[in-house]
Amino acid sequence: MLLEVNQLTREYKRGREAFRAVDEVSFTMADGEFVSIRGRSGSGKSTLLNLITGLLQPTGGSVFLDGENIFELDDRNYSYLRNSKLGYVSQVQSALSNLTVMDNVRLPFFLSKRDGEPSERAAALLEQVGIAHLAKAYPAQLSGGELKRVAIARALILSPELLIADEPTCDLDLQTTKEVLEFLASVAQRGTAVLMVTHEADASEYCNRTLFMESGKLVHIASGNPSGIFCSAI
Ligand SMILES: Nc1ncnc2c1ncn2[C@@H]1O[C@H](COP(=O)(O)OP(=O)(O)O)[C@@H](O)[C@H]1O
Ligand SMILES: [Mg+2]
């Protein structure tokens, strides 16, 4: 199994009271699956993704990526796992303003000290996300939707096994949302699993499964299908 999330929990304190932003969440993902997580603002979606990427330590539970418990790895092995297997598109804009779009997309390649030359792959990814014409532009010259696409291309430059995207379509118009969702579905079809948080009800049409979160818990799982007919699995 590519991803196994077991009883994952993250507690925070609000004043004196402790509460669980993520509360004993369990689910698995196989290679090439496209799974979305929906839920109201504050239901714990971003916290869950931050735990799965290892950016945040849980107060309980475990995450296994390709059979390895990510919270038991030392820094070196965790960095290796993260670079080689995970791509992450954060909810907030994260492009470096002094680098061109092309250099932003190539950056993880240089930081991970891989052999070879990423330019061809970076150009192909920019083409696939529809912003090849912006390769030489700087982030300040781009719209919100274009910046999201830069972040997606950058997250894919190292050919991860799992792409994690936090609201990749928020603030996008309908047409751009559709294009980004279609692209993510094609990424999954080519074998990279995609775990996406979204507000978009229509996104389920593009996904194999949709998980619903409420007050930190997974409350319901539904399976979507390519024809867009929504059928409840559990
Ligand atoms: N660092 C933090 N300290 C305390 N509470 C937090 C922290 N981060 C998030 N929370 C709280 O955890 C809950 C879930 O937040 P979040 O995961 O960002 O929700 P979502 O992404 O679904 O909108 C919210 O109530 C939020 O206020
Ligand atoms: Mg969020």
# chains A, B, ... in the order shown; residues from 1 in each chain; ligands from 1
>>> residues_near_ligand(ligand="ligand 1", cutoff="8 Å", atoms="only C-alpha atoms and all ligand atoms", output="list of chain:residue names")
A:Tyr12, A:Lys13, A:Arg14, A:Arg20, A:Ala21, A:Val22, A:Gly39, A:Arg40, A:Ser41, A:Gly42, A:Ser43, A:Gly44, A:Lys45, A:Ser46, A:Thr47, A:Leu48, A:Met213, A:Ser215, A:Gly216
>>> select_by_dssp(residues="chain A", states="helix (DSSP H, G or I)", output="ChimeraX atom specification")
/A:45-52,70-72,75-85,101-111,119-128,132-134,139-141,144-156,174-189,201-206
>>> write_last_selection(atoms="C-alpha atoms", output="compact mmCIF listing (two decimals), in the first residue's frame")
# COMPACT_ATOMS: atom_id res chain seq x y z
CA LYS A 45 -8.05 19.22 6.44
CA SER A 46 -4.80 21.22 6.27
CA THR A 47 -3.65 19.81 9.61
CA LEU A 48 -4.21 16.30 8.25
CA LEU A 49 -2.17 17.03 5.10
CA ASN A 50 0.62 18.64 7.14
CA LEU A 51 0.80 15.49 9.28
CA ILE A 52 0.92 13.22 6.23
CA ILE A 70 7.62 8.55 8.48
CA PHE A 71 7.73 9.65 12.12
CA GLU A 72 10.32 7.03 13.02
CA ASP A 75 16.19 13.55 9.48
CA ARG A 76 18.35 12.23 6.67
CA ASN A 77 16.10 9.32 5.79
CA TYR A 78 12.99 11.43 6.15
CA SER A 79 14.43 14.07 3.77
CA TYR A 80 15.26 11.34 1.31
CA LEU A 81 11.75 9.89 1.54
CA ARG A 82 10.18 13.31 1.22
CA ASN A 83 12.28 14.26 -1.82
CA SER A 84 11.92 10.98 -3.59
CA LYS A 85 8.27 10.17 -2.91
CA VAL A 101 8.70 30.45 -13.17
CA MET A 102 11.13 28.03 -14.83
CA ASP A 103 13.65 28.34 -11.98
CA ASN A 104 10.92 27.91 -9.36
CA VAL A 105 9.87 24.66 -11.02
CA ARG A 106 13.48 23.43 -11.32
CA LEU A 107 14.45 24.39 -7.76
CA PRO A 108 13.60 21.08 -5.97
CA PHE A 109 15.75 19.27 -8.51
CA PHE A 110 18.81 21.35 -7.63
CA LEU A 111 18.09 21.27 -3.89
CA SER A 119 14.97 21.81 -17.86
CA GLU A 120 13.29 19.53 -20.36
CA ARG A 121 11.02 17.98 -17.74
CA ALA A 122 10.26 21.42 -16.26
CA ALA A 123 9.32 22.75 -19.71
CA ALA A 124 7.09 19.71 -20.33
CA LEU A 125 5.34 20.19 -16.99
CA LEU A 126 4.75 23.89 -17.67
CA GLU A 127 3.29 22.91 -21.02
CA GLN A 128 1.02 20.31 -19.37
CA ALA A 132 4.60 27.29 -21.00
CA HIS A 133 4.41 30.89 -22.23
CA LEU A 134 5.18 32.12 -18.69
CA PRO A 139 5.79 35.30 -9.71
CA ALA A 140 4.70 38.93 -9.17
CA GLN A 141 3.57 39.05 -12.81
CA GLY A 144 -3.48 33.40 -8.58
CA GLY A 145 -4.44 30.57 -10.93
CA GLU A 146 -1.12 30.74 -12.76
CA LEU A 147 0.78 30.64 -9.45
CA LYS A 148 -1.17 27.52 -8.42
CA ARG A 149 -0.07 25.86 -11.64
CA VAL A 150 3.57 26.80 -10.97
CA ALA A 151 3.24 25.16 -7.54
CA ILE A 152 1.77 22.00 -9.08
CA ALA A 153 4.52 21.79 -11.72
CA ARG A 154 7.18 22.30 -9.04
CA ALA A 155 5.65 19.59 -6.83
CA LEU A 156 5.87 17.16 -9.76
CA LEU A 174 -14.75 27.62 -13.18
CA GLN A 175 -12.86 26.93 -16.39
CA THR A 176 -9.43 27.01 -14.71
CA THR A 177 -10.73 24.80 -11.89
CA LYS A 178 -11.88 22.26 -14.45
CA GLU A 179 -8.52 22.35 -16.23
CA VAL A 180 -6.55 21.88 -12.99
CA LEU A 181 -8.81 18.99 -11.88
CA GLU A 182 -8.49 17.33 -15.29
CA PHE A 183 -4.73 17.71 -15.09
CA LEU A 184 -4.60 16.18 -11.59
CA ALA A 185 -6.75 13.27 -12.79
CA SER A 186 -4.29 12.73 -15.65
CA VAL A 187 -1.38 12.79 -13.18
CA ALA A 188 -3.11 10.00 -11.22
CA GLN A 189 -3.80 8.04 -14.40
CA ALA A 201 -18.27 19.64 -4.70
CA ASP A 202 -17.79 18.88 -8.41
CA ALA A 203 -14.25 17.65 -7.77
CA SER A 204 -15.63 14.25 -6.73
CA GLU A 205 -16.40 13.57 -10.40
CA TYR A 206 -12.69 13.45 -11.12
>>> select_by_dssp(residues="range 3-217 of chain A", states="strand (DSSP E or B)", output="PyMOL selection string")
chain A and resi 3-14+17-29+34-39+60-65+68-69+86-89+162-166+193-197+209-214+217
>>> write_last_selection(atoms="C-alpha atoms", output="short mmCIF file (atom, residue, chain, number, x, y, z; two decimals), in the first residue's frame")
data_model
loop_
_atom_site.label_atom_id
_atom_site.label_comp_id
_atom_site.auth_asym_id
_atom_site.auth_seq_id
_atom_site.Cartn_x
_atom_site.Cartn_y
_atom_site.Cartn_z
CA LEU A 3 -0.08 5.32 2.06
CA GLU A 4 -1.45 4.02 5.34
CA VAL A 5 -2.81 6.51 7.84
CA ASN A 6 -3.60 4.89 11.21
CA GLN A 7 -5.52 6.56 14.03
CA LEU A 8 -3.73 9.81 13.20
CA THR A 9 -4.37 12.48 15.83
CA ARG A 10 -3.16 16.02 16.47
CA GLU A 11 -4.16 17.80 19.61
CA TYR A 12 -3.90 21.56 20.12
CA LYS A 13 -4.61 23.75 23.10
CA ARG A 14 -7.06 26.60 22.90
CA GLU A 17 -8.73 23.37 26.75
CA ALA A 18 -7.21 20.73 24.52
CA PHE A 19 -9.00 19.81 21.32
CA ARG A 20 -8.24 17.46 18.46
CA ALA A 21 -7.79 19.24 15.11
CA VAL A 22 -7.33 15.74 13.64
CA ASP A 23 -9.05 12.97 15.56
CA GLU A 24 -8.09 9.32 14.99
CA VAL A 25 -8.18 9.48 11.21
CA SER A 26 -7.48 6.24 9.33
CA PHE A 27 -7.47 5.55 5.60
CA THR A 28 -5.24 4.04 2.92
CA MET A 29 -4.31 4.96 -0.63
CA PHE A 34 -7.01 10.21 -6.87
CA VAL A 35 -8.59 10.96 -3.49
CA SER A 36 -10.16 14.20 -2.36
CA ILE A 37 -10.90 15.40 1.15
CA ARG A 38 -13.82 17.74 1.67
CA GLY A 39 -15.07 19.47 4.76
CA GLY A 60 -1.04 10.00 18.22
CA GLY A 61 -1.16 7.49 15.39
CA SER A 62 1.13 6.78 12.47
CA VAL A 63 1.68 7.41 8.76
CA PHE A 64 3.31 4.75 6.61
CA LEU A 65 4.55 5.79 3.18
CA GLU A 68 7.98 3.21 6.23
CA ASN A 69 6.69 4.95 9.33
CA LEU A 86 6.24 13.23 -1.95
CA GLY A 87 5.21 16.37 -3.79
CA TYR A 88 3.37 19.06 -1.84
CA VAL A 89 1.29 22.01 -3.02
CA LEU A 162 2.21 10.84 -4.02
CA LEU A 163 1.17 14.41 -4.78
CA ILE A 164 -0.49 16.21 -1.88
CA ALA A 165 -2.36 19.39 -2.78
CA ASP A 166 -4.11 21.70 -0.32
CA ALA A 193 -1.38 9.11 -6.52
CA VAL A 194 -3.04 12.44 -5.73
CA LEU A 195 -4.46 13.45 -2.35
CA MET A 196 -6.26 16.77 -2.60
CA VAL A 197 -8.18 18.95 -0.18
CA ARG A 209 -12.87 8.51 -3.64
CA THR A 210 -13.92 11.47 -1.56
CA LEU A 211 -13.32 11.59 2.20
CA PHE A 212 -15.41 13.96 4.29
CA MET A 213 -14.04 15.59 7.44
CA GLU A 214 -16.00 17.07 10.29
CA LYS A 217 -12.89 13.12 12.11
#
>>> closest_residue(among="A:Val129, A:Val219, A:Leu2, A:Cys170", to="ligand 2", atoms="only C-alpha atoms and all ligand atoms")
A:Cys170
